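Input: a single structure, listed below in C-alpha cells.
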Amino acid sequence: MTTDLDTLLTALYVFCDDRVVPPERRRPGRRKKLSDAELLCLAVAQVLLGFPSQHHWLRFAYGRLGHLFPYLPHQPGYHKRLVAATPLIQRAVQSLSVQVPSSSDQLRLIDATPVPCGTSRQTAKRSELAGWANYGYCASHSRYYWGLKLYLVTTLDGMPIVWCLADPKLGEREVAADLLGHAHDLRALPTGVVLIGDKGFAGREFHRDMTELGITFVRPDRRDEKRRYGNLAMIRQRIESIINTTKAQLSLEHHGARTTTGVLARIAQRLLALAAAIWHNWTINAPVKRSLTAYDH
C-alpha cells in the first residue's frame with residue numbers, strides 16, 4: 001500500500017463497509033446513490049484536504065475525487081446525510097481505535113480545548129447553540145471566546161478514544177469524570193490504565209472518582225505540593241501536539257456549524273479524519289503515525 005489519499009480512502013471504504021456500516025434493510029423506493037461507507041470517506045477527504053466549507057468542498061471534489069465516487073450529492077443533501085450519520089461516524093472512530101497496536105497500551109492522555117462557535121454578540125443571542133455554548137477563557141492564548149469546550153482522550157499516537165463537547169463554564173473535573181465514566185461503561189479503557197492530564201484536573205474528588213474507575217491519574221506537580229511526578233513536560237507536549245493537529249490541520253476551530261447537531265457532526269467528522277489517518281499509517285507502517293502531509297493534496 002502507498003501513502004496517498006486515494007489509497008487511504010479505498011482502504012477506509014472497505015473497512016467501513018465491512019465492519020462499521022450495518023447491512024441496509026430493503027425499503028420501498030430507490031437505493032441511496034451515495035452509500036454510507038462512501039459518505040464517511042467523502043467526509044474524511046473533506047477534512048484532510050482542508051475544506052471547511054461544504055459548498056467549496058463539493059465543487060472541488062468533482063474534479064479531485066470523481067474517479068472514486070460515481071455520485072456526489074449537492075450541498076443540502078450532503079449536509080443532511082452528514083448530520084444524520086453522526087452516530088455512524090462515532091462508531092467508525094471507535095472501530096478504528098481498537099485496530100491499532102496502541103489500543104493495548106496502558107497509557108492514555110486527556111485534555112480540553114476551546115471550540116469557538118461565534119464572534120459577535122448577535123450570534124451569542126440568536127444562535128441555536130445559545131444555552132449550550134457559553135463564554136469561556138482560553139488561558140493558552142489569553143483570550144475569551146464564545147462556544148464550547150472539547151474534552152478528548154487519546155492514545156500516545158493521537159488516536160481518539162472518547163470525546164465530548166461541554167459548556168466551557170462547567171468545571172473541567174466534573175466533565176472529565178463523566179466522560180471517563182462513560183468510557184469505562186463502554187470498556188474503551190484497558191484495565192489498570194494510566195491517565196495523564198494537566199493541573200486543571202487536580203482535586204481530591206476527581207482522584208477518588210478515578211480510583212473507583214480503576215484509573216491511575218497522573219498530572220504535573222503544582223508549586224505548593226511535594227514532588228511526585230515532576231512537570232511531565234515531554235508527555236504534556238505530546239497531547240498539546242495532538243490538539244494542535246486538530247486545530248491547524250483539521251480546522252477544528254473553523255467548523256462553521258451553527259446548530260447543535262451540526263457542531264456534533266463536524267467535530268466528529270474531524271476526529272474521524274484523524275483516526276483514519278493514524279489507522280492507515282499503522283497499516284502501511286509509516287514512521288510517523290500522526291502525519292497527515294501525505295493526505296492533504
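Labels for the C-alpha cells follow display order: chains A, B, ..., residues from 1 in each chain, ligands from 1.
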Using only C-alpha atoms, which residues sit within 7 Å of region 3-20 of chain A once same-chain residues fewer than 4 positions away are excluded, as a PDB file with C-alpha atoms, in the first residue's frame?
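Contents of out34.pdb, as written:
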```
ATOM      1  CA  ALA A  37     -19.441   3.947   3.610  1.00  0.00           C
ATOM      2  CA  GLU A  38     -18.849   6.355   0.704  1.00  0.00           C
ATOM      3  CA  CYS A  41     -14.916   8.510   3.091  1.00  0.00           C
ATOM      4  CA  ARG A  91     -18.993   4.148  15.639  1.00  0.00           C
ATOM      5  CA  ALA A  92     -16.352   4.349  12.919  1.00  0.00           C
ATOM      6  CA  HIS A 280      -3.821   3.871   7.796  1.00  0.00           C
ATOM      7  CA  ALA A 294       0.616  12.606   2.563  1.00  0.00           C
ATOM      8  CA  TYR A 295      -3.165  13.073   2.516  1.00  0.00           C
TER       9      TYR A 295
END
```
Please identify which residues in region 67-243 of chain A DSSP calls strand (DSSP E or B) from the backbone, and express them as a PDB file with C-alpha atoms, in the first residue's frame.
```pdb
ATOM      1  CA  LEU A 107      -1.274   4.914  28.847  1.00  0.00           C
ATOM      2  CA  ARG A 108      -3.922   7.468  27.835  1.00  0.00           C
ATOM      3  CA  LEU A 109      -3.874  11.253  27.511  1.00  0.00           C
ATOM      4  CA  ILE A 110      -6.672  13.697  28.308  1.00  0.00           C
ATOM      5  CA  ASP A 111      -7.000  17.389  27.546  1.00  0.00           C
ATOM      6  CA  ALA A 112      -9.620  20.050  26.860  1.00  0.00           C
ATOM      7  CA  THR A 113      -9.527  22.768  24.203  1.00  0.00           C
ATOM      8  CA  PRO A 114     -11.872  25.606  23.172  1.00  0.00           C
ATOM      9  CA  VAL A 115     -14.182  25.214  20.178  1.00  0.00           C
ATOM     10  CA  PRO A 116     -15.300  28.742  19.210  1.00  0.00           C
ATOM     11  CA  CYS A 117     -18.791  28.935  17.685  1.00  0.00           C
ATOM     12  CA  GLY A 118     -19.283  32.657  17.122  1.00  0.00           C
ATOM     13  CA  ALA A 130     -27.283  29.622  22.890  1.00  0.00           C
ATOM     14  CA  ALA A 133     -22.448  27.278  24.180  1.00  0.00           C
ATOM     15  CA  ASN A 134     -21.189  29.935  26.574  1.00  0.00           C
ATOM     16  CA  TYR A 135     -18.347  32.366  27.221  1.00  0.00           C
ATOM     17  CA  GLY A 136     -15.073  30.817  28.291  1.00  0.00           C
ATOM     18  CA  TYR A 137     -11.444  31.776  28.735  1.00  0.00           C
ATOM     19  CA  CYS A 138      -8.540  30.218  26.839  1.00  0.00           C
ATOM     20  CA  ARG A 143      -8.405  35.368  25.255  1.00  0.00           C
ATOM     21  CA  TYR A 144     -12.109  34.952  25.830  1.00  0.00           C
ATOM     22  CA  TYR A 145     -14.325  33.120  23.367  1.00  0.00           C
ATOM     23  CA  TRP A 146     -17.958  32.113  22.896  1.00  0.00           C
ATOM     24  CA  GLY A 147     -18.512  28.459  22.132  1.00  0.00           C
ATOM     25  CA  LEU A 148     -17.910  25.022  23.600  1.00  0.00           C
ATOM     26  CA  LYS A 149     -15.036  23.033  25.036  1.00  0.00           C
ATOM     27  CA  LEU A 150     -13.848  19.742  23.557  1.00  0.00           C
ATOM     28  CA  TYR A 151     -12.677  17.068  26.003  1.00  0.00           C
ATOM     29  CA  LEU A 152     -10.569  14.437  24.274  1.00  0.00           C
ATOM     30  CA  VAL A 153      -8.984  11.183  25.457  1.00  0.00           C
ATOM     31  CA  THR A 154      -6.362   9.701  23.122  1.00  0.00           C
ATOM     32  CA  PRO A 160      -9.151   9.382  19.621  1.00  0.00           C
ATOM     33  CA  ILE A 161     -10.748   7.081  22.197  1.00  0.00           C
ATOM     34  CA  VAL A 162     -13.653   9.078  23.662  1.00  0.00           C
ATOM     35  CA  TRP A 163     -14.661  12.731  23.482  1.00  0.00           C
ATOM     36  CA  CYS A 164     -17.430  15.146  24.351  1.00  0.00           C
ATOM     37  CA  LEU A 165     -18.426  18.795  23.974  1.00  0.00           C
ATOM     38  CA  ALA A 166     -19.436  20.822  27.028  1.00  0.00           C
ATOM     39  CA  VAL A 194      -2.680   5.286  33.482  1.00  0.00           C
ATOM     40  CA  LEU A 195      -4.261   8.596  32.508  1.00  0.00           C
ATOM     41  CA  ILE A 196      -2.154  11.747  32.137  1.00  0.00           C
ATOM     42  CA  THR A 216      -4.386   5.809  37.837  1.00  0.00           C
ATOM     43  CA  PHE A 217      -4.423   9.554  37.214  1.00  0.00           C
ATOM     44  CA  VAL A 218      -1.093  11.352  36.827  1.00  0.00           C
TER      45      VAL A 218
END
```
Contacts of Met210 (chain A) within 12 Å, only C-alpha atoms, excl. fewer than 2 positions in-chain, as a ChimeraX atom specification: /A:173-174,176-181,183-184,192-196,201-208,212-218
Region 15-53 of chain A near region 59-68 of chain A within 12 Å: what's each residue's closest atom pair and its distance in Å to one decimal, counting only C-alpha atoms, ordered by chain then ascending residue number, as a tab-separated table?
```
residue	atom	partner	partner_atom	distance
A:Leu34	CA	A:Leu68	CA	11.4
A:Glu38	CA	A:Leu68	CA	9.1
A:Leu39	CA	A:Leu68	CA	11.7
A:Cys41	CA	A:Leu68	CA	9.9
A:Leu42	CA	A:Ala61	CA	8.7
A:Ala43	CA	A:Ala61	CA	10.9
A:Ala45	CA	A:Ala61	CA	8.9
A:Gln46	CA	A:Ala61	CA	8.3
A:Val47	CA	A:Ala61	CA	11.9
A:Leu49	CA	A:Ala61	CA	9.8
A:Gly50	CA	A:Phe60	CA	11.1
A:Phe51	CA	A:Phe60	CA	9.1
A:Ser53	CA	A:Arg59	CA	10.3
```
Let's have the selection written as a PDB file, in the first residue's frame, with N, CA and C atoms.
```pdb
ATOM      1  N   LEU A  34     -25.350   7.428  -2.916  1.00  0.00           N
ATOM      2  CA  LEU A  34     -24.099   7.518  -2.167  1.00  0.00           C
ATOM      3  C   LEU A  34     -24.263   6.664  -0.912  1.00  0.00           C
ATOM      4  N   GLU A  38     -19.379   5.298   1.569  1.00  0.00           N
ATOM      5  CA  GLU A  38     -18.849   6.355   0.704  1.00  0.00           C
ATOM      6  C   GLU A  38     -18.999   7.720   1.366  1.00  0.00           C
ATOM      7  N   LEU A  39     -20.098   7.921   2.085  1.00  0.00           N
ATOM      8  CA  LEU A  39     -20.301   9.186   2.788  1.00  0.00           C
ATOM      9  C   LEU A  39     -19.211   9.421   3.831  1.00  0.00           C
ATOM     10  N   CYS A  41     -16.170   8.224   3.804  1.00  0.00           N
ATOM     11  CA  CYS A  41     -14.916   8.510   3.091  1.00  0.00           C
ATOM     12  C   CYS A  41     -14.912   9.930   2.538  1.00  0.00           C
ATOM     13  N   LEU A  42     -16.044  10.382   2.029  1.00  0.00           N
ATOM     14  CA  LEU A  42     -16.138  11.735   1.498  1.00  0.00           C
ATOM     15  C   LEU A  42     -15.951  12.761   2.616  1.00  0.00           C
ATOM     16  N   ALA A  43     -16.498  12.478   3.792  1.00  0.00           N
ATOM     17  CA  ALA A  43     -16.356  13.374   4.935  1.00  0.00           C
ATOM     18  C   ALA A  43     -14.905  13.455   5.394  1.00  0.00           C
ATOM     19  N   ALA A  45     -12.220  12.888   3.497  1.00  0.00           N
ATOM     20  CA  ALA A  45     -11.459  13.588   2.466  1.00  0.00           C
ATOM     21  C   ALA A  45     -11.649  15.100   2.570  1.00  0.00           C
ATOM     22  N   GLN A  46     -12.859  15.549   2.893  1.00  0.00           N
ATOM     23  CA  GLN A  46     -13.115  16.981   3.037  1.00  0.00           C
ATOM     24  C   GLN A  46     -12.207  17.609   4.089  1.00  0.00           C
ATOM     25  N   VAL A  47     -12.055  16.929   5.225  1.00  0.00           N
ATOM     26  CA  VAL A  47     -11.241  17.460   6.312  1.00  0.00           C
ATOM     27  C   VAL A  47      -9.758  17.392   5.964  1.00  0.00           C
ATOM     28  N   LEU A  49      -8.296  17.409   3.120  1.00  0.00           N
ATOM     29  CA  LEU A  49      -7.912  18.326   2.053  1.00  0.00           C
ATOM     30  C   LEU A  49      -8.142  19.787   2.429  1.00  0.00           C
ATOM     31  N   GLY A  50      -8.664  20.033   3.645  1.00  0.00           N
ATOM     32  CA  GLY A  50      -8.737  21.391   4.162  1.00  0.00           C
ATOM     33  C   GLY A  50      -9.846  22.243   3.595  1.00  0.00           C
ATOM     34  N   PHE A  51     -11.070  21.705   3.534  1.00  0.00           N
ATOM     35  CA  PHE A  51     -12.220  22.458   3.034  1.00  0.00           C
ATOM     36  C   PHE A  51     -13.285  22.558   4.115  1.00  0.00           C
ATOM     37  N   SER A  53     -15.709  24.679   4.235  1.00  0.00           N
ATOM     38  CA  SER A  53     -16.973  24.978   3.572  1.00  0.00           C
ATOM     39  C   SER A  53     -17.436  23.782   2.746  1.00  0.00           C
TER      40      SER A  53
END
```
Option closest in space to Leu40 (chain A), from A:Arg266, A:Lys247, A:Lys125, A:His182 [counting only C-alpha atoms]: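 Between A:Arg266, A:Lys247, A:Lys125, A:His182, the residue approaching Leu40 (chain A) most closely is A:Arg266.
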Two-atom distance - CA of Leu271 (chain A), CA of Ile89 (chain A) (Å):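 Going from CA of Leu271 (chain A) over to CA of Ile89 (chain A), I get 9.0 Å.
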Gap from CA of Pro87 (chain A) to CA of Ile239 (chain A) - Å, one decimal: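 These atoms are spaced 25.5 Å apart.
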Region 92-291 of chain A: residues DSSP assigns to alpha helix (DSSP H), reported as an NGL selection string: :A and (92-97 or 121-126 or 172-185 or 204-212 or 233-248 or 260-283)
Spatial neighbours of Ile242 (chain A), max dist 9 Å, only C-alpha atoms, sep filter under 2 positions, as a VMD selection string: chain A and resid 154 157 to 158 237 to 240 244 to 247 290
Export, as a PDB file, in the first residue's frame, the selected residues with N, CA and C atoms.
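Once written, out_14.pdb looks like this:
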```
ATOM      1  N   THR A 154      -7.046  10.336  24.242  1.00  0.00           N
ATOM      2  CA  THR A 154      -6.362   9.701  23.122  1.00  0.00           C
ATOM      3  C   THR A 154      -5.287   8.737  23.615  1.00  0.00           C
ATOM      4  N   ASP A 157      -0.229   7.947  20.367  1.00  0.00           N
ATOM      5  CA  ASP A 157      -0.047   8.313  18.959  1.00  0.00           C
ATOM      6  C   ASP A 157      -1.139   9.246  18.452  1.00  0.00           C
ATOM      7  N   GLY A 158      -2.089   9.613  19.312  1.00  0.00           N
ATOM      8  CA  GLY A 158      -3.122  10.561  18.936  1.00  0.00           C
ATOM      9  C   GLY A 158      -4.446   9.960  18.538  1.00  0.00           C
ATOM     10  N   GLN A 237       3.692  17.794  26.185  1.00  0.00           N
ATOM     11  CA  GLN A 237       3.902  18.293  24.829  1.00  0.00           C
ATOM     12  C   GLN A 237       3.231  17.390  23.800  1.00  0.00           C
ATOM     13  N   ARG A 238       3.158  16.108  24.113  1.00  0.00           N
ATOM     14  CA  ARG A 238       2.522  15.173  23.178  1.00  0.00           C
ATOM     15  C   ARG A 238       1.036  15.486  23.005  1.00  0.00           C
ATOM     16  N   ILE A 239       0.306  15.659  24.112  1.00  0.00           N
ATOM     17  CA  ILE A 239      -1.118  15.940  23.998  1.00  0.00           C
ATOM     18  C   ILE A 239      -1.350  17.323  23.402  1.00  0.00           C
ATOM     19  N   GLU A 240      -0.468  18.284  23.719  1.00  0.00           N
ATOM     20  CA  GLU A 240      -0.596  19.609  23.115  1.00  0.00           C
ATOM     21  C   GLU A 240      -0.385  19.522  21.604  1.00  0.00           C
ATOM     22  N   ASN A 244      -3.013  20.480  18.688  1.00  0.00           N
ATOM     23  CA  ASN A 244      -2.606  21.402  17.630  1.00  0.00           C
ATOM     24  C   ASN A 244      -2.878  20.818  16.238  1.00  0.00           C
ATOM     25  N   THR A 245      -2.731  19.504  16.100  1.00  0.00           N
ATOM     26  CA  THR A 245      -3.045  18.857  14.825  1.00  0.00           C
ATOM     27  C   THR A 245      -4.520  19.040  14.472  1.00  0.00           C
ATOM     28  N   THR A 246      -5.396  18.878  15.454  1.00  0.00           N
ATOM     29  CA  THR A 246      -6.831  19.045  15.183  1.00  0.00           C
ATOM     30  C   THR A 246      -7.161  20.480  14.800  1.00  0.00           C
ATOM     31  N   LYS A 247      -6.406  21.431  15.323  1.00  0.00           N
ATOM     32  CA  LYS A 247      -6.688  22.834  15.030  1.00  0.00           C
ATOM     33  C   LYS A 247      -6.040  23.287  13.733  1.00  0.00           C
ATOM     34  N   ARG A 290       1.017   9.985  13.199  1.00  0.00           N
ATOM     35  CA  ARG A 290       0.048  11.088  13.174  1.00  0.00           C
ATOM     36  C   ARG A 290       0.302  12.048  12.016  1.00  0.00           C
TER      37      ARG A 290
END
```
Nearest-residue call for Lys289 (chain A), choices A:Pro101, A:Gly171, A:Gly200, A:Gly256, using only C-alpha atoms: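 Ranking A:Pro101, A:Gly171, A:Gly200, A:Gly256 by distance to Lys289 (chain A), first place goes to A:Pro101.
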Counting only C-alpha atoms, the option among A:Gln90, A:Thr259, A:Ser102, A:Thr123 closest to Ala273 (chain A):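 The answer is A:Gln90, which sits nearest to Ala273 (chain A).
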Atom-to-atom span, CA of Pro23 (chain A) and CA of Tyr78 (chain A), Å: 20.8 Å
